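Colleague: Before I ask anything, let me first share the structure, which is written out below as structure tokens.
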Amino acid sequence: MIPVTQQLKAITTIDSAALPARDRFQFWNEVICKHFSPAENTPLQEADAFRAKISMRSLGSLGLSRLATSGMVSRRDQNDIRRDTLDCFYIALLTEGAMKVDQNGRSGHQQAGEFCIYDSARPFHNHMDGYYGGYWVKIPRSVMLNRMPNAERLTARPMSSTSPIGRLATNMLREAHGLDLTGDCSSSNRVAMSLIDLLAAAFESEAGLSDFDTSRHGALLDRAKSHILAHLEDTELNSDLLVKELGVSRRTLNRVFAIEDTTPIRWLWQQRLQRAHELLLAGGEYRVSDVALKCGFSDFSHFARAFKSEFGITPRSLLAQTH
């Protein structure tokens, strides 16, 4: 049997396969809380079937990891952030599987071949339905914002790696993970900064920041989201009420939400479902109907179908697990 941890030059590899099946997920939870963001992690299959492996190395001020894991849910909330004030960004390149990501009021579905940015200083919710594999880059906040000032507006927005710059960034990330630069700090720092600059160029080119990321549109999007989040329980909330409250045209409202590849109503429904999921997981509710009403759903059957489609489990089943 291989050891749990192996060291080869600059790369440290940790593999849960070396442990008894019953201990693998607990061990993996400790690994990712130590090396990534401390969070609440839950496997999506029997613990005995869980497998995970990670290869990690430093490159200048960056941390590079290649990982593979069975399906799981990872949630970092304000309590986790208060306990551990880790202040960095992650850029993840998914190579296998898929993951639903929620952060800063945005929801995205990252597919194989896509990059995504996460902010450790903000709550997030990541849902991996099945096997997941890819590369993660850990970047100190000061370094990230110096190279990518718009990073906070780009979280949870999957970006294709198939553009010309995206392909360059992908190839450089793969190569950088395996570079043997032990003891060569100058070269490590230069490669690290070149990698961040290339990733920043890929995101900014793909997102077309110069076209939409104006302060006016950003402020309107923030206002619209704040209003929605403050009125999730209002079953009458719709596009007509939003445009009236915000004092803009329907076209303008749709345009600012299109920045994040969504619509006002789709975003509203995602937030309602997410809040319902959080309430059910918290264990303080005893009736699905009460949760539905608190989140703006008046049609309980519709709520149950939408909830199962989003999370792969009925609200009643999730409620039963928490009591």
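Residues in the structure tokens are numbered from 1 in each chain, the chains being A, B, ... in the order shown, and ligands are numbered from 1 in the order shown.
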Applying 9 Å and only C-alpha atoms, which residues near segment 143-158 of chain A remain after dropping the ones on its own chain fewer than 4 positions away? List them as a PyMOL selection string.
Modeller: chain A and resi 61+88-89+100-111+114-119+124+139+193+196-197+199-201+203-204+207+209+213+218+260-261
Colleague: Write a file of the just-selected residues containing C-alpha atoms, as a PDB file, in the first residue's frame.
Modeller:
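out.pdb was written with the following content:
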```pdb
ATOM      1  CA  SER A  61       3.907  33.402  -3.845  1.00  0.00           C
ATOM      2  CA  CYS A  88      -6.749  34.905  -0.964  1.00  0.00           C
ATOM      3  CA  PHE A  89      -8.315  34.024  -4.294  1.00  0.00           C
ATOM      4  CA  LYS A 100     -22.203  24.215  -9.342  1.00  0.00           C
ATOM      5  CA  VAL A 101     -20.697  27.308  -7.743  1.00  0.00           C
ATOM      6  CA  ASP A 102     -22.399  30.089  -5.750  1.00  0.00           C
ATOM      7  CA  GLN A 103     -20.642  33.208  -4.497  1.00  0.00           C
ATOM      8  CA  ASN A 104     -21.352  36.937  -4.207  1.00  0.00           C
ATOM      9  CA  GLY A 105     -24.959  36.379  -5.280  1.00  0.00           C
ATOM     10  CA  ARG A 106     -23.888  34.669  -8.497  1.00  0.00           C
ATOM     11  CA  SER A 107     -24.462  31.075  -9.542  1.00  0.00           C
ATOM     12  CA  GLY A 108     -22.506  29.264 -12.222  1.00  0.00           C
ATOM     13  CA  HIS A 109     -22.103  25.738 -13.537  1.00  0.00           C
ATOM     14  CA  GLN A 110     -18.431  25.026 -14.139  1.00  0.00           C
ATOM     15  CA  GLN A 111     -17.838  22.329 -16.744  1.00  0.00           C
ATOM     16  CA  GLU A 114     -13.542  25.969 -17.822  1.00  0.00           C
ATOM     17  CA  PHE A 115     -11.820  28.281 -15.342  1.00  0.00           C
ATOM     18  CA  CYS A 116     -13.548  29.825 -12.327  1.00  0.00           C
ATOM     19  CA  ILE A 117     -12.500  32.304  -9.626  1.00  0.00           C
ATOM     20  CA  TYR A 118     -13.323  31.897  -5.909  1.00  0.00           C
ATOM     21  CA  ASP A 119     -12.770  34.361  -3.075  1.00  0.00           C
ATOM     22  CA  PHE A 124     -19.357  30.240  -1.073  1.00  0.00           C
ATOM     23  CA  ILE A 139      -3.218  33.595  -5.016  1.00  0.00           C
ATOM     24  CA  MET A 193       3.763  36.368 -12.036  1.00  0.00           C
ATOM     25  CA  ILE A 196      -1.135  35.252 -13.117  1.00  0.00           C
ATOM     26  CA  ASP A 197      -0.776  37.848 -15.878  1.00  0.00           C
ATOM     27  CA  LEU A 199      -4.798  34.118 -16.454  1.00  0.00           C
ATOM     28  CA  ALA A 200      -5.846  37.746 -15.908  1.00  0.00           C
ATOM     29  CA  ALA A 201      -5.605  38.433 -19.645  1.00  0.00           C
ATOM     30  CA  PHE A 203     -10.478  36.348 -17.973  1.00  0.00           C
ATOM     31  CA  GLU A 204     -10.559  39.977 -19.051  1.00  0.00           C
ATOM     32  CA  ALA A 207     -15.497  38.593 -20.098  1.00  0.00           C
ATOM     33  CA  LEU A 209     -14.770  43.895 -19.235  1.00  0.00           C
ATOM     34  CA  ASP A 213     -17.956  46.627 -16.384  1.00  0.00           C
ATOM     35  CA  GLY A 218     -22.177  47.540 -11.628  1.00  0.00           C
ATOM     36  CA  GLU A 260     -23.513  37.331 -15.590  1.00  0.00           C
ATOM     37  CA  ASP A 261     -25.249  35.147 -18.181  1.00  0.00           C
TER      38      ASP A 261
END
```
Colleague: Any idea what's packed within 10 Å of Arg275 of chain A, counting only C-alpha atoms, ignoring anything in its chain fewer than 2 positions away? Could you give it as a count of residues only?
Modeller: 16
Colleague: Taking the backbone alone, and naming residues the way the document does, which bits of segment 213-282 of chain A are helix (DSSP H, G or I) by DSSP, as a ChimeraX atom specification?
Modeller: /A:215-230,239-246,250-258,264-282
Colleague: Could you please take those selected residues and save C-alpha atoms as a JSON list (two decimals), in the first residue's frame?
Modeller:
```json
[["chain", "number", "residue", "atom", "x", "y", "z"],
["A", 215, "SER", "CA", -19.50, 51.71, -12.44],
["A", 216, "ARG", "CA", -23.04, 52.57, -13.56],
["A", 217, "HIS", "CA", -23.94, 49.05, -14.62],
["A", 218, "GLY", "CA", -22.18, 47.54, -11.63],
["A", 219, "ALA", "CA", -24.07, 49.79, -9.23],
["A", 220, "LEU", "CA", -27.41, 48.97, -10.87],
["A", 221, "LEU", "CA", -26.70, 45.25, -10.71],
["A", 222, "ASP", "CA", -25.81, 45.52, -7.04],
["A", 223, "ARG", "CA", -29.00, 47.51, -6.31],
["A", 224, "ALA", "CA", -31.16, 45.01, -8.14],
["A", 225, "LYS", "CA", -29.62, 42.07, -6.29],
["A", 226, "SER", "CA", -29.95, 43.79, -2.92],
["A", 227, "HIS", "CA", -33.63, 44.47, -3.56],
["A", 228, "ILE", "CA", -34.26, 40.87, -4.61],
["A", 229, "LEU", "CA", -32.46, 39.43, -1.58],
["A", 230, "ALA", "CA", -34.41, 41.74, 0.75],
["A", 239, "SER", "CA", -39.75, 41.91, -13.43],
["A", 240, "ASP", "CA", -42.47, 44.56, -13.51],
["A", 241, "LEU", "CA", -42.07, 45.32, -9.83],
["A", 242, "LEU", "CA", -38.27, 45.34, -10.14],
["A", 243, "VAL", "CA", -38.14, 47.86, -12.99],
["A", 244, "LYS", "CA", -40.64, 50.06, -11.16],
["A", 245, "GLU", "CA", -38.69, 49.93, -7.89],
["A", 246, "LEU", "CA", -35.33, 50.54, -9.58],
["A", 250, "ARG", "CA", -36.88, 46.27, -18.61],
["A", 251, "ARG", "CA", -34.25, 46.24, -21.35],
["A", 252, "THR", "CA", -31.66, 47.90, -19.11],
["A", 253, "LEU", "CA", -32.40, 45.53, -16.25],
["A", 254, "ASN", "CA", -32.07, 42.49, -18.51],
["A", 255, "ARG", "CA", -28.84, 43.87, -19.93],
["A", 256, "VAL", "CA", -27.08, 44.23, -16.57],
["A", 257, "PHE", "CA", -28.07, 40.69, -15.53],
["A", 258, "ALA", "CA", -26.88, 39.41, -18.91],
["A", 264, "PRO", "CA", -33.48, 38.91, -13.23],
["A", 265, "ILE", "CA", -36.11, 36.22, -12.72],
["A", 266, "ARG", "CA", -33.71, 33.31, -13.11],
["A", 267, "TRP", "CA", -31.41, 34.93, -10.54],
["A", 268, "LEU", "CA", -34.40, 35.49, -8.22],
["A", 269, "TRP", "CA", -35.37, 31.82, -8.42],
["A", 270, "GLN", "CA", -31.80, 30.69, -7.83],
["A", 271, "GLN", "CA", -31.59, 32.79, -4.68],
["A", 272, "ARG", "CA", -34.95, 31.53, -3.42],
["A", 273, "LEU", "CA", -33.88, 27.92, -3.93],
["A", 274, "GLN", "CA", -30.49, 28.57, -2.34],
["A", 275, "ARG", "CA", -32.08, 30.16, 0.74],
["A", 276, "ALA", "CA", -34.54, 27.28, 1.02],
["A", 277, "HIS", "CA", -31.63, 24.85, 0.87],
["A", 278, "GLU", "CA", -29.81, 26.76, 3.62],
["A", 279, "LEU", "CA", -32.89, 26.84, 5.87],
["A", 280, "LEU", "CA", -33.45, 23.10, 5.47],
["A", 281, "LEU", "CA", -29.81, 22.28, 6.13],
["A", 282, "ALA", "CA", -29.76, 24.46, 9.25]]
```
Colleague: With distances taken over only C-alpha atoms, which residue among A:Ala49, A:Leu67, A:Ile91, A:Met128 lies nearest Phe25 of chain A?
Modeller: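 Of A:Ala49, A:Leu67, A:Ile91, A:Met128, the one nearest Phe25 of chain A, counting only C-alpha atoms, is A:Ala49.
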Colleague: Pick out the residues sitting within 12 Å of Ser301 of chain A, and hand them over as a PyMOL selection string; count only C-alpha atoms, and ignore anything fewer than 3 positions along from it in its own chain.
Modeller: chain A and resi 288-289+292+297-298+304-308+314-316
Colleague: Do you have the atom CA of Leu93 of chain A-atom CA of Ser163 of chain A distance handy?
Modeller: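 So the two atoms, atom CA of Leu93 of chain A and atom CA of Ser163 of chain A, lie 13.9 Å apart.
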Colleague: Would you list the contacts of Met56 of chain A as a list of chain:residue names, taking every protein, DNA or RNA residue within 7 Å and counting only C-alpha atoms, but skipping same-chain residues closer than 4 positions in sequence?
Modeller: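 Non-adjacent residues within range: A:Ile11, A:Thr12, A:Thr13, A:Leu64, A:Ser65, A:Arg66.
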Colleague: Could you give me the residues within segment 30-267 of chain A that DSSP places in strand (DSSP E), as a VMD selection string?
Modeller: chain A and resid 40 to 43 52 to 59 62 to 69 72 to 76 88 to 96 98 to 103 106 to 111 114 to 119 124 to 128 132 to 140 159 to 160
